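Trainee: Just one file: upload-v3.csv, with CSV, C-alpha atoms.
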chain,number,residue,atom,x,y,z
P,1,MET,CA,-70.9,-6.0,-61.9
P,2,ASN,CA,-73.2,-9.0,-62.6
P,3,LEU,CA,-74.8,-11.4,-60.1
P,4,HIS,CA,-72.1,-14.0,-60.7
P,5,ASP,CA,-69.3,-11.6,-59.6
P,6,VAL,CA,-71.2,-10.6,-56.5
P,7,ARG,CA,-71.6,-14.2,-55.4
P,8,HIS,CA,-67.9,-14.9,-56.1
P,9,HIS,CA,-66.7,-11.9,-53.9
P,10,ALA,CA,-69.0,-13.0,-51.1
P,11,VAL,CA,-67.6,-16.5,-51.1
P,12,LEU,CA,-64.0,-15.2,-50.9
P,13,LEU,CA,-64.9,-12.8,-48.0
P,14,THR,CA,-66.5,-15.7,-46.1
P,15,LEU,CA,-63.4,-17.9,-46.6
P,16,ILE,CA,-61.0,-15.1,-45.4
P,17,CYS,CA,-63.0,-14.5,-42.2
P,18,SER,CA,-63.0,-18.2,-41.5
P,19,LEU,CA,-59.2,-18.5,-41.9
P,20,CYS,CA,-58.7,-15.4,-39.6
P,21,MET,CA,-60.8,-16.9,-36.9
P,22,GLN,CA,-58.9,-20.2,-37.1
P,23,ALA,CA,-55.6,-18.4,-36.9
P,24,GLY,CA,-56.7,-16.5,-33.8
P,25,CYS,CA,-57.8,-19.6,-32.1
P,26,SER,CA,-54.5,-21.3,-32.9
P,27,ARG,CA,-52.6,-18.4,-31.4
P,28,GLN,CA,-54.7,-18.5,-28.2
P,29,GLN,CA,-54.2,-22.2,-27.8
P,30,GLY,CA,-50.4,-22.0,-28.4
P,31,SER,CA,-49.8,-19.0,-26.0
P,32,GLY,CA,-50.3,-20.9,-22.8
P,33,PRO,CA,-47.6,-22.0,-20.4
P,34,GLY,CA,-45.6,-25.0,-21.3
P,35,THR,CA,-46.1,-24.5,-25.0
P,36,PRO,CA,-43.3,-24.3,-27.5
P,37,ASP,CA,-43.9,-20.6,-27.9
P,38,ALA,CA,-42.8,-19.8,-24.3
P,39,MET,CA,-40.4,-16.7,-23.9
P,40,PRO,CA,-36.7,-17.7,-24.0
P,41,ALA,CA,-34.1,-16.9,-21.3
P,42,MET,CA,-33.0,-13.3,-21.3
P,43,PRO,CA,-29.2,-12.7,-22.0
P,44,VAL,CA,-27.4,-10.9,-19.2
P,45,THR,CA,-23.7,-10.1,-18.4
P,46,VAL,CA,-22.4,-11.3,-15.0
P,47,VAL,CA,-19.2,-11.0,-13.0
P,48,THR,CA,-18.2,-14.0,-10.9
P,49,LEU,CA,-16.8,-12.9,-7.6
P,50,ALA,CA,-13.4,-14.1,-6.4
P,51,ALA,CA,-11.6,-13.4,-3.2
P,52,GLN,CA,-8.4,-11.3,-3.6
P,53,PRO,CA,-6.2,-9.1,-1.4
P,54,VAL,CA,-7.6,-5.6,-1.5
P,55,ALA,CA,-5.5,-2.6,-0.4
P,56,LEU,CA,-7.7,-0.1,1.4
P,57,THR,CA,-7.0,3.6,1.4
P,58,ARG,CA,-8.7,6.6,3.1
P,59,GLU,CA,-9.1,10.0,1.3
P,60,LEU,CA,-8.2,12.7,3.8
P,61,PRO,CA,-8.2,16.5,3.2
P,62,GLY,CA,-5.0,18.3,4.1
P,63,ARG,CA,-2.8,21.4,3.8
P,64,THR,CA,0.8,21.7,2.7
P,65,ALA,CA,3.4,23.1,5.1
P,66,ALA,CA,7.0,23.9,4.7
P,67,PHE,CA,9.6,21.4,5.9
P,68,ARG,CA,11.4,24.1,7.8
P,69,VAL,CA,10.6,27.8,8.5
P,70,ALA,CA,13.0,30.4,9.8
P,71,GLU,CA,12.1,34.0,10.6
P,72,VAL,CA,15.1,36.3,10.2
P,73,ARG,CA,15.5,38.8,13.1
P,74,PRO,CA,18.3,41.1,14.1
P,75,GLN,CA,20.4,40.2,17.1
P,76,VAL,CA,21.8,43.7,17.4
P,77,SER,CA,20.3,47.2,16.9
P,78,GLY,CA,21.3,49.4,14.1
P,79,ILE,CA,20.4,51.1,10.8
P,80,VAL,CA,20.0,48.9,7.7
P,81,LYS,CA,22.8,49.9,5.4
P,82,GLN,CA,22.2,47.4,2.6
P,83,ARG,CA,20.0,44.5,1.5
P,84,LEU,CA,22.1,41.7,0.1
P,85,PHE,CA,19.5,39.3,-1.4
P,86,THR,CA,16.8,39.2,-4.1
P,87,GLU,CA,13.3,38.7,-2.8
P,88,GLY,CA,11.8,35.3,-3.7
P,89,ALA,CA,15.2,33.8,-4.5
P,90,LEU,CA,16.8,30.7,-3.2
P,91,VAL,CA,19.4,31.4,-0.4
P,92,SER,CA,21.9,29.1,1.2
P,93,ALA,CA,22.6,28.7,4.9
P,94,GLY,CA,25.1,31.4,6.1
P,95,GLN,CA,24.4,33.6,3.1
P,96,PRO,CA,24.5,37.4,4.0
P,97,LEU,CA,21.1,39.0,3.9
P,98,TYR,CA,21.4,42.4,5.5
P,99,GLN,CA,24.3,44.7,6.4
P,100,LEU,CA,23.8,47.0,9.3
P,101,ASP,CA,25.8,50.1,10.0
P,102,ASP,CA,28.6,48.6,12.1
P,103,ALA,CA,30.8,51.7,12.8
P,104,THR,CA,30.0,51.5,16.5
P,105,TYR,CA,30.6,47.8,16.7
P,106,ARG,CA,33.9,48.1,14.9
P,107,ALA,CA,35.0,50.7,17.4
P,108,ASP,CA,34.1,48.5,20.3
P,109,HIS,CA,35.9,45.6,18.7
P,110,GLY,CA,39.1,47.8,18.4
P,111,MET,CA,38.8,48.9,22.0
P,112,ALA,CA,38.4,45.3,23.2
P,113,LYS,CA,41.4,44.2,21.1
P,114,ALA,CA,43.6,47.0,22.6
P,115,ALA,CA,42.5,46.0,26.1
P,116,LEU,CA,43.5,42.4,25.5
P,117,ALA,CA,47.0,43.6,24.3
P,118,ARG,CA,47.4,45.7,27.4
P,119,ALA,CA,46.4,42.8,29.6
P,120,GLU,CA,48.8,40.5,27.9
P,121,ALA,CA,51.7,43.0,28.4
P,122,GLY,CA,50.8,43.2,32.1
P,123,LEU,CA,50.8,39.5,32.3
P,124,GLU,CA,54.3,39.3,30.8
P,125,ALA,CA,55.7,41.8,33.3
P,126,ALA,CA,54.0,40.0,36.2
P,127,ARG,CA,55.5,36.7,35.0
P,128,LEU,CA,59.0,38.2,34.9
P,129,ARG,CA,58.7,39.6,38.4
P,130,ALA,CA,57.4,36.3,39.7
P,131,ASN,CA,60.3,34.4,38.2
P,132,ARG,CA,62.9,36.8,39.6
P,133,SER,CA,61.3,36.7,43.0
P,134,ALA,CA,61.3,32.9,43.0
P,135,SER,CA,65.0,32.8,42.4
P,136,LEU,CA,65.9,35.5,44.9
P,137,VAL,CA,63.8,34.1,47.7
P,138,LYS,CA,66.1,31.1,47.8
P,139,THR,CA,69.1,33.3,48.6
P,140,GLY,CA,67.2,35.3,51.2
P,141,LEU,CA,67.5,38.6,49.2
P,142,VAL,CA,63.6,38.7,48.9
P,143,SER,CA,61.3,37.9,51.7
P,144,ALA,CA,58.7,35.2,51.5
P,145,GLN,CA,56.0,37.9,51.7
P,146,ASP,CA,57.3,39.7,48.7
P,147,ASN,CA,57.5,36.5,46.8
P,148,ASP,CA,53.9,35.6,47.6
P,149,ASN,CA,52.8,39.1,46.4
P,150,ALA,CA,54.6,38.5,43.1
P,151,VAL,CA,52.9,35.2,42.6
P,152,ALA,CA,49.5,36.8,43.4
P,153,ALA,CA,50.2,39.6,40.9
P,154,LEU,CA,50.9,37.0,38.2
P,155,ARG,CA,47.6,35.3,38.9
P,156,GLN,CA,45.9,38.6,38.7
P,157,ALA,CA,47.5,39.4,35.4
P,158,GLU,CA,46.4,36.0,34.0
P,159,ALA,CA,42.8,36.8,35.0
P,160,ASP,CA,43.0,40.2,33.4
P,161,VAL,CA,44.1,38.6,30.1
P,162,GLY,CA,41.2,36.1,30.3
P,163,SER,CA,38.7,38.9,30.9
P,164,ALA,CA,40.1,41.0,28.1
P,165,ARG,CA,39.9,38.0,25.7
P,166,ALA,CA,36.3,37.4,26.6
P,167,GLY,CA,35.5,41.1,26.0
P,168,LEU,CA,37.1,40.8,22.6
P,169,ASP,CA,35.1,37.7,21.8
P,170,ALA,CA,31.9,39.6,22.7
P,171,ALA,CA,32.8,42.5,20.6
P,172,THR,CA,33.6,40.2,17.7
P,173,VAL,CA,30.2,38.5,18.0
P,174,LYS,CA,28.4,41.8,18.0
P,175,LEU,CA,30.4,43.0,15.0
P,176,GLY,CA,29.5,39.7,13.2
P,177,HIS,CA,25.8,40.1,14.0
P,178,ALA,CA,25.8,43.5,12.2
P,179,ARG,CA,25.9,41.3,9.1
P,180,ILE,CA,22.7,39.3,9.2
P,181,LYS,CA,23.0,35.9,7.6
P,182,ALA,CA,20.5,33.2,6.6
P,183,PRO,CA,20.0,30.5,9.3
P,184,ILE,CA,18.8,27.9,6.9
P,185,ALA,CA,18.7,27.2,3.1
P,186,GLY,CA,15.5,27.7,1.3
P,187,ARG,CA,13.3,30.3,-0.6
P,188,ILE,CA,13.2,33.7,1.0
P,189,GLY,CA,10.1,35.9,0.9
P,190,LYS,CA,9.8,39.6,0.7
P,191,SER,CA,11.7,42.0,2.9
P,192,SER,CA,9.8,43.9,5.5
P,193,VAL,CA,12.4,46.7,5.8
P,194,THR,CA,14.4,48.8,3.3
P,195,GLU,CA,17.8,50.6,3.5
P,196,GLY,CA,17.8,53.2,6.2
P,197,ALA,CA,15.3,51.5,8.5
P,198,LEU,CA,16.1,51.2,12.2
P,199,VAL,CA,16.0,47.6,13.5
P,200,THR,CA,16.3,46.6,17.1
P,201,ALA,CA,17.7,43.4,18.7
P,202,GLU,CA,15.1,40.6,19.1
P,203,GLN,CA,12.3,42.6,17.7
P,204,ASP,CA,8.9,40.9,17.2
P,205,ALA,CA,8.5,41.6,13.5
P,206,PRO,CA,10.8,39.5,11.3
P,207,LEU,CA,12.9,41.1,8.6
P,208,ALA,CA,12.1,38.2,6.2
P,209,THR,CA,11.0,34.6,6.2
P,210,ILE,CA,12.9,31.6,4.8
P,211,GLN,CA,11.1,28.4,4.0
P,212,ASP,CA,12.6,25.0,3.1
P,213,LEU,CA,10.2,23.6,0.4
P,214,ASP,CA,11.9,20.3,-0.4
P,215,PRO,CA,10.6,18.0,1.0
P,216,MET,CA,7.2,19.3,2.0
P,217,TYR,CA,4.9,18.4,4.9
P,218,ILE,CA,1.2,17.6,4.3
P,219,ASP,CA,-0.9,17.9,7.5
P,220,VAL,CA,-4.1,15.8,7.1
P,221,THR,CA,-6.9,15.1,9.6
P,222,GLN,CA,-8.6,11.8,10.3
P,223,SER,CA,-11.7,11.2,12.3
P,224,SER,CA,-11.2,9.4,15.6
P,225,ALA,CA,-14.2,7.2,14.7
P,226,GLU,CA,-12.3,5.9,11.6
P,227,LEU,CA,-9.3,5.2,13.8
P,228,LEU,CA,-11.5,3.1,16.2
P,229,GLN,CA,-13.0,1.2,13.2
P,230,LEU,CA,-9.5,0.5,11.8
P,231,ARG,CA,-8.3,-0.9,15.1
P,232,ARG,CA,-11.4,-3.2,15.4
P,233,GLU,CA,-10.7,-4.5,11.9
P,234,LEU,CA,-7.1,-5.1,12.7
P,235,THR,CA,-8.0,-6.9,15.9
P,236,SER,CA,-10.6,-9.1,14.2
P,237,GLY,CA,-8.2,-10.1,11.5
P,238,SER,CA,-10.4,-8.8,8.6
P,239,LEU,CA,-7.7,-6.3,7.9
P,240,GLU,CA,-3.9,-6.7,7.9
P,241,GLN,CA,-1.3,-4.0,8.4
P,242,ARG,CA,1.6,-4.6,5.9
P,243,GLY,CA,4.2,-2.0,6.5
P,244,SER,CA,4.0,1.6,5.6
P,245,ALA,CA,2.0,2.1,2.3
P,246,PRO,CA,2.9,5.0,0.0
P,247,VAL,CA,0.6,8.0,0.2
P,248,THR,CA,-0.9,9.3,-3.1
P,249,ILE,CA,-1.4,13.1,-3.3
P,250,VAL,CA,-4.1,14.7,-5.5
P,251,LEU,CA,-3.9,18.5,-6.1
P,252,GLU,CA,-6.8,20.9,-5.7
P,253,ASP,CA,-7.4,20.9,-9.5
P,254,GLY,CA,-7.9,17.2,-9.5
P,255,THR,CA,-4.5,16.2,-11.0
P,256,ARG,CA,-2.3,13.6,-9.4
P,257,TYR,CA,1.0,14.7,-7.9
P,258,PRO,CA,3.8,12.6,-9.5
P,259,GLN,CA,5.7,12.1,-6.2
P,260,THR,CA,4.4,9.7,-3.5
P,261,GLY,CA,4.7,10.5,0.2
P,262,THR,CA,5.3,8.6,3.4
P,263,LEU,CA,3.6,8.9,6.7
P,264,ALA,CA,5.9,10.7,9.0
P,265,PHE,CA,4.0,10.5,12.3
P,266,SER,CA,0.4,10.6,13.7
P,267,ASP,CA,-0.5,12.8,16.6
P,268,VAL,CA,-1.6,11.3,19.9
P,269,THR,CA,-4.1,14.0,20.8
P,270,VAL,CA,-7.7,14.3,19.5
P,271,GLU,CA,-9.0,17.8,18.8
P,272,PRO,CA,-12.0,18.2,21.1
P,273,THR,CA,-13.9,20.6,18.8
P,274,THR,CA,-13.6,18.5,15.7
P,275,GLY,CA,-13.1,14.9,17.0
P,276,SER,CA,-10.1,14.4,14.7
P,277,PHE,CA,-6.4,14.0,15.0
P,278,LEU,CA,-3.4,15.1,12.9
P,279,LEU,CA,-1.5,12.9,10.4
P,280,ARG,CA,1.7,14.3,8.9
P,281,VAL,CA,2.9,13.1,5.5
P,282,GLN,CA,6.3,13.9,4.0
P,283,VAL,CA,6.6,14.1,0.3
P,284,PRO,CA,9.4,15.1,-2.1
P,285,ASN,CA,9.0,18.5,-3.8
P,286,PRO,CA,11.9,18.8,-6.3
P,287,GLY,CA,10.3,21.3,-8.6
P,288,ASN,CA,8.6,23.4,-5.9
P,289,ALA,CA,5.2,22.4,-7.4
P,290,LEU,CA,3.8,22.3,-3.9
P,291,LEU,CA,3.6,25.6,-2.0
P,292,PRO,CA,2.8,26.2,1.7
P,293,GLY,CA,-0.9,26.5,2.4
P,294,MET,CA,-2.2,24.6,-0.7
P,295,PHE,CA,-5.3,22.4,-0.2
P,296,VAL,CA,-4.7,18.8,-1.3
P,297,ARG,CA,-6.2,15.3,-0.8
P,298,ALA,CA,-4.1,12.5,0.5
P,299,PHE,CA,-5.0,8.8,-0.1
P,300,VAL,CA,-3.5,7.1,3.0
P,301,GLY,CA,-3.3,3.3,3.1
P,302,SER,CA,-5.1,1.8,6.1
P,303,GLY,CA,-4.3,-1.9,5.5
P,304,VAL,CA,-5.0,-4.9,3.3
P,305,ARG,CA,-8.1,-7.1,3.3
P,306,PRO,CA,-6.8,-10.5,2.5
P,307,GLN,CA,-10.1,-12.0,1.3
P,308,GLY,CA,-11.8,-9.0,-0.2
P,309,LEU,CA,-14.7,-9.1,-2.7
P,310,LEU,CA,-15.1,-6.4,-5.3
P,311,VAL,CA,-18.3,-5.8,-7.2
P,312,PRO,CA,-18.7,-3.3,-10.1
P,313,GLN,CA,-20.8,-0.3,-9.0
P,314,GLN,CA,-23.4,-1.0,-11.7
P,315,GLY,CA,-24.2,-4.3,-10.0
P,316,ILE,CA,-25.3,-2.7,-6.7
P,317,ALA,CA,-28.7,-1.0,-6.4
P,318,ARG,CA,-30.2,1.0,-3.5
P,319,ASP,CA,-33.8,1.4,-2.5
P,320,PRO,CA,-35.2,4.7,-1.2
P,321,GLN,CA,-34.2,3.7,2.4
P,322,GLY,CA,-30.6,3.3,1.3
P,323,ASN,CA,-30.4,-0.5,1.6
P,324,ALA,CA,-28.1,-2.1,-1.0
P,325,SER,CA,-29.0,-5.2,-3.0
P,326,ALA,CA,-27.6,-7.1,-6.0
P,327,MET,CA,-29.2,-9.4,-8.6
P,328,ILE,CA,-27.4,-12.7,-9.0
P,329,VAL,CA,-27.8,-15.8,-11.1
P,330,GLY,CA,-28.7,-18.7,-8.9
P,331,ALA,CA,-27.7,-22.4,-9.4
P,332,ASP,CA,-30.9,-23.0,-11.3
P,333,GLY,CA,-30.2,-20.2,-13.8
P,334,LYS,CA,-32.8,-17.9,-12.5
P,335,VAL,CA,-32.5,-14.4,-11.1
P,336,GLU,CA,-32.2,-13.9,-7.3
P,337,VAL,CA,-32.2,-10.7,-5.3
P,338,ARG,CA,-29.6,-10.6,-2.5
P,339,SER,CA,-29.2,-8.0,0.2
P,340,VAL,CA,-25.6,-6.9,0.6
P,341,GLN,CA,-23.6,-4.6,2.8
P,342,VAL,CA,-21.1,-2.2,1.2
P,343,SER,CA,-19.3,0.7,2.9
P,344,ARG,CA,-16.6,2.0,0.6
P,345,THR,CA,-15.4,2.0,-2.9
P,346,VAL,CA,-12.1,0.9,-4.4
P,347,GLY,CA,-11.7,2.6,-7.7
P,348,ASP,CA,-14.9,1.9,-9.7
P,349,LYS,CA,-16.0,-1.0,-7.5
P,350,TRP,CA,-17.8,-1.6,-4.2
P,351,LEU,CA,-16.0,-3.5,-1.5
P,352,VAL,CA,-18.4,-6.1,-0.1
P,353,ASP,CA,-18.7,-6.4,3.7
P,354,GLY,CA,-21.4,-9.0,3.7
P,355,GLY,CA,-24.2,-10.7,1.7
P,356,LEU,CA,-22.2,-12.1,-1.1
P,357,ALA,CA,-19.6,-15.0,-1.3
P,358,PRO,CA,-16.9,-16.1,-3.7
P,359,GLY,CA,-18.4,-17.8,-6.7
P,360,ASP,CA,-21.6,-15.7,-6.8
P,361,ARG,CA,-22.5,-14.4,-10.3
P,362,VAL,CA,-23.6,-10.8,-10.0
P,363,ILE,CA,-25.5,-9.4,-12.9
P,364,VAL,CA,-24.0,-6.1,-14.2
P,365,GLU,CA,-25.7,-5.7,-17.6
P,366,GLY,CA,-29.3,-6.3,-18.7
P,367,LEU,CA,-30.8,-5.4,-15.3
P,368,GLN,CA,-33.7,-3.4,-16.9
P,369,LYS,CA,-35.0,-6.5,-18.7
P,370,ILE,CA,-35.1,-9.0,-15.9
P,371,GLN,CA,-37.1,-9.7,-12.7
P,372,PRO,CA,-36.6,-12.0,-9.8
P,373,GLY,CA,-37.3,-15.6,-10.7
P,374,MET,CA,-36.9,-15.1,-14.4
P,375,PRO,CA,-34.6,-17.5,-16.3
P,376,VAL,CA,-31.5,-15.9,-17.8
P,377,GLN,CA,-28.6,-16.8,-20.0
P,378,ALA,CA,-25.5,-15.5,-18.3
P,379,THR,CA,-22.3,-14.4,-20.1
P,380,GLU,CA,-19.2,-13.5,-18.2
P,381,ALA,CA,-18.1,-9.9,-18.5
P,382,GLY,CA,-15.2,-9.6,-20.9
P,383,ALA,CA,-15.9,-12.9,-22.6
P,384,SER,CA,-17.3,-13.1,-26.1
P,385,PRO,CA,-21.0,-13.9,-25.9
P,386,THR,CA,-22.3,-17.1,-27.4
P,387,ALA,CA,-25.4,-16.7,-29.6
P,388,PRO,CA,-28.3,-19.0,-28.7
P,389,ALA,CA,-29.3,-21.6,-31.3
P,390,ALA,CA,-32.1,-20.4,-33.6
P,391,THR,CA,-35.3,-22.3,-33.6
P,392,THR,CA,-37.7,-22.3,-36.6
P,393,LYS,CA,-41.4,-23.0,-36.5
P,394,PRO,CA,-43.7,-23.9,-39.4
What does this structure look like when you write it as structure tokens?

Mentor:
Amino acid sequence: MNLHDVRHHAVLLTLICSLCMQAGCSRQQGSGPGTPDAMPAMPVTVVTLAAQPVALTRELPGRTAAFRVAEVRPQVSGIVKQRLFTEGALVSAGQPLYQLDDATYRADHGMAKAALARAEAGLEAARLRANRSASLVKTGLVSAQDNDNAVAALRQAEADVGSARAGLDAATVKLGHARIKAPIAGRIGKSSVTEGALVTAEQDAPLATIQDLDPMYIDVTQSSAELLQLRRELTSGSLEQRGSAPVTIVLEDGTRYPQTGTLAFSDVTVEPTTGSFLLRVQVPNPGNALLPGMFVRAFVGSGVRPQGLLVPQQGIARDPQGNASAMIVGADGKVEVRSVQVSRTVGDKWLVDGGLAPGDRVIVEGLQKIQPGMPVQATEAGASPTAPAATTKP
């Protein structure tokens, strides 16, 4: 390389350094506040709050219970001769379930029937004597004393017939009880006795149990503190009671039961050990999908808040102390932090108890890129965003 080339490269290097220094100074001068290169407003997605009626529900745990339960017990003593039902099957009211050995009861029934026939024959003879005595006493052939005796004998014979008829009825009842029948319709469980077993009248252990499973009861418990809060909201007018809302049932595997229930009654006594009281829900069970003793969750309606505000859950943040806050877009288009009060969720949204008002624009997307006081460009959730106009600089 000759001297002329060296000088040429040195001039080029000096020119490049000078240009770089000028560009750096230009960037430093153009980066200050109020210059055309200031950061543009950040795009965010907001939800504008609007007051609307909100139906409030409470999720309460509960257990299913049969609509009716009947324990089958013998009313007479005897040996089980035959079982007349299939275990686990549906039985109808009055259907025979067990047949006891009724030879003794049939014999007693026959004796009572013969005693009634004898008493009726004696009554007929006493009636004939009384009629004959009544006609003869008028002619003086029979004394008044004998006539009175004949009338008394007739009355005695009538009483004997009544007593014999009652004895026959008792024997008939005992004979009928030897054939044990279902007191209600429903699904019968397993039998606790087999053929040949001795059963006694009014024994403690049932022979079988019948349960009516359609409809079903669901017994749920609610805290007495929640009841007091509900009454305060109803009294203040912030909550309205609009009839009996349907009760939604969720099974223990998380699936929703297709039938809706109704609130049958609420207990008036609070359990001292748990501080809760009982609510009973009645729900149809046509396919016997619900079985007694299952754990379920019942969503019971507590009322309607006429001017409720719902905020998406992603729009509410909590600090380490548990205080809730939301970022909103103020009237000047800048971010504001607002402390809010929320106590329950409705679906995927928070129900606002205080801190926000209708018309507030709560930021739900773009929260990681903004800070309080920063200008933002708000787009309503669900609306197509409008692209900002592009600016070109020389």

Trainee: Looking at P:Ala171, P:Leu309, P:Val46, P:Ala130, which one is nearest to Arg344 (chain P), with distances taken over only C-alpha atoms?

Mentor: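 Closest residue, counting only C-alpha atoms: P:Leu309.
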
Trainee: Go through P:Ser135, P:Gln95, P:Thr172, P:Asn147 and flag the residue nearest Ala107 (chain P), using all atoms listed in the file for the distances.

Mentor: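 Of P:Ser135, P:Gln95, P:Thr172, P:Asn147, the one nearest Ala107 (chain P), counting all atoms listed in the file, is P:Thr172.
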
Trainee: For a quick check of understanding, using all atoms listed in the file, which of P:Ala117, P:Ala317, P:Ile210, P:Ala112 has the smallest distance to Lys190 (chain P)?

Mentor: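 Closest candidate: P:Ile210.
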
Trainee: Could you check the closest approach to Asp204 (chain P) for each of P:Ser302, P:Val47, P:Asp353, P:Gln75 and tell me which residue wins, using all atoms listed in the file?

Mentor: P:Gln75

Trainee: Report, in Å with one decimal, the straight-line distance from CA of Pro215 (chain P) to CA of Ala66 (chain P).

Mentor: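 Here the two named atoms are 7.8 Å from each other.
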
Trainee: Sorted by chain and rising residue number, list the residues of region 149-258 of chain P at most 8 Å from region 48-62 of chain P (counting all atoms listed in the file), each with its closest atom pair and distance in Å to one decimal, as a Markdown table.

Mentor:
| residue | atom | partner | partner_atom | distance |
| --- | --- | --- | --- | --- |
| P:Ile218 | CA | P:Gly62 | CA | 6.2 |
| P:Asp219 | CA | P:Gly62 | CA | 5.3 |
| P:Val220 | CA | P:Gly62 | CA | 4.0 |
| P:Thr221 | CA | P:Leu60 | CA | 6.4 |
| P:Gln222 | CA | P:Leu60 | CA | 6.6 |

Trainee: Separation of CA of Pro375 (chain P) and CA of Arg361 (chain P), in Å?

Mentor: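 So the two atoms, CA of Pro375 (chain P) and CA of Arg361 (chain P), lie 13.9 Å apart.
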
Trainee: Can you tell me how far CA of Val173 (chain P) sits from CA of Asp108 (chain P), in Å to one decimal?

Mentor: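 Value for the CA of Val173 (chain P)-CA of Asp108 (chain P) distance: 11.0 Å.
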
Trainee: Can you tell me which residues surround Ser191 (chain P) at a distance of at most 7 Å, considering all atoms listed in the file, apart from same-chain residues fewer than 3 positions away, and format the answer as a compact mmCIF listing (two decimals) with C-alpha atoms, in the frame of the given file?

Mentor:
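File produced: out.txt:
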# COMPACT_ATOMS: atom_id res chain seq x y z
CA GLU P 87 13.30 38.70 -2.80
CA LEU P 207 12.90 41.10 8.60
CA ALA P 208 12.10 38.20 6.20

Trainee: Within 12 Å of (10.6, 45.6, 4.8) (file coordinates; all atoms listed in the file), which protein or nucleic acid residues are there? I'd like them as a PyMOL selection string.

Mentor: chain P and resi 72-73+80+82-83+87+98+189-199+205-209

Trainee: Considering only C-alpha atoms, state which residue in the set P:Val340, P:Lys174, P:Gly382, P:Gly303 is at the smallest distance from Ala103 (chain P).

Mentor: P:Lys174

Trainee: Determine the nearest neighbour of Ala166 (chain P) from the options P:Arg129, P:Arg68, P:Arg280, P:His109, counting all atoms listed in the file.

Mentor: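 Answer, going by the shortest atom-to-atom distance: P:His109.
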
Trainee: Place a sphere of radius 10 Å on (17.0, 27.0, 4.8) in the file coordinates and name every protein, DNA or RNA residue with an atom inside or on its surface, counting all atoms listed in the file; give the answer as a tab-separated table (two decimals) with C-alpha atoms, in the coordinates of the input.

Mentor:
chain	number	residue	atom	x	y	z
P	67	PHE	CA	9.60	21.40	5.90
P	68	ARG	CA	11.40	24.10	7.80
P	69	VAL	CA	10.60	27.80	8.50
P	70	ALA	CA	13.00	30.40	9.80
P	90	LEU	CA	16.80	30.70	-3.20
P	91	VAL	CA	19.40	31.40	-0.40
P	92	SER	CA	21.90	29.10	1.20
P	93	ALA	CA	22.60	28.70	4.90
P	94	GLY	CA	25.10	31.40	6.10
P	182	ALA	CA	20.50	33.20	6.60
P	183	PRO	CA	20.00	30.50	9.30
P	184	ILE	CA	18.80	27.90	6.90
P	185	ALA	CA	18.70	27.20	3.10
P	186	GLY	CA	15.50	27.70	1.30
P	187	ARG	CA	13.30	30.30	-0.60
P	188	ILE	CA	13.20	33.70	1.00
P	209	THR	CA	11.00	34.60	6.20
P	210	ILE	CA	12.90	31.60	4.80
P	211	GLN	CA	11.10	28.40	4.00
P	212	ASP	CA	12.60	25.00	3.10
P	213	LEU	CA	10.20	23.60	0.40
P	214	ASP	CA	11.90	20.30	-0.40

Trainee: Generate a file for region 315-325 of chain P, containing N, CA and C atoms, as a PDB file, in the first residue's frame.

Mentor:
ATOM      1  N   GLY P 315     -59.490  -9.274  35.619  1.00  0.00           N
ATOM      2  CA  GLY P 315     -59.404  -7.845  35.867  1.00  0.00           C
ATOM      3  C   GLY P 315     -59.222  -7.490  37.325  1.00  0.00           C
ATOM      4  N   ILE P 316     -59.235  -8.476  38.224  1.00  0.00           N
ATOM      5  CA  ILE P 316     -59.084  -8.237  39.655  1.00  0.00           C
ATOM      6  C   ILE P 316     -57.776  -8.850  40.108  1.00  0.00           C
ATOM      7  N   ALA P 317     -56.963  -8.060  40.822  1.00  0.00           N
ATOM      8  CA  ALA P 317     -55.687  -8.522  41.370  1.00  0.00           C
ATOM      9  C   ALA P 317     -55.716  -8.375  42.886  1.00  0.00           C
ATOM     10  N   ARG P 318     -54.927  -9.195  43.553  1.00  0.00           N
ATOM     11  CA  ARG P 318     -54.835  -9.139  45.015  1.00  0.00           C
ATOM     12  C   ARG P 318     -53.382  -9.004  45.431  1.00  0.00           C
ATOM     13  N   ASP P 319     -53.167  -8.217  46.475  1.00  0.00           N
ATOM     14  CA  ASP P 319     -51.834  -8.049  47.021  1.00  0.00           C
ATOM     15  C   ASP P 319     -51.572  -9.134  48.065  1.00  0.00           C
ATOM     16  N   PRO P 320     -50.354  -9.196  48.635  1.00  0.00           N
ATOM     17  CA  PRO P 320     -50.061 -10.240  49.631  1.00  0.00           C
ATOM     18  C   PRO P 320     -50.981 -10.209  50.847  1.00  0.00           C
ATOM     19  N   GLN P 321     -51.578  -9.062  51.150  1.00  0.00           N
ATOM     20  CA  GLN P 321     -52.505  -8.985  52.279  1.00  0.00           C
ATOM     21  C   GLN P 321     -53.917  -9.429  51.910  1.00  0.00           C
ATOM     22  N   GLY P 322     -54.153  -9.732  50.646  1.00  0.00           N
ATOM     23  CA  GLY P 322     -55.458 -10.177  50.218  1.00  0.00           C
ATOM     24  C   GLY P 322     -56.382  -9.075  49.759  1.00  0.00           C
ATOM     25  N   ASN P 323     -55.918  -7.828  49.721  1.00  0.00           N
ATOM     26  CA  ASN P 323     -56.753  -6.715  49.275  1.00  0.00           C
ATOM     27  C   ASN P 323     -56.903  -6.743  47.758  1.00  0.00           C
ATOM     28  N   ALA P 324     -58.111  -6.536  47.279  1.00  0.00           N
ATOM     29  CA  ALA P 324     -58.401  -6.603  45.844  1.00  0.00           C
ATOM     30  C   ALA P 324     -58.315  -5.216  45.233  1.00  0.00           C
ATOM     31  N   SER P 325     -57.859  -5.170  43.983  1.00  0.00           N
ATOM     32  CA  SER P 325     -57.756  -3.908  43.242  1.00  0.00           C
ATOM     33  C   SER P 325     -57.964  -4.188  41.763  1.00  0.00           C
TER      34      SER P 325
END
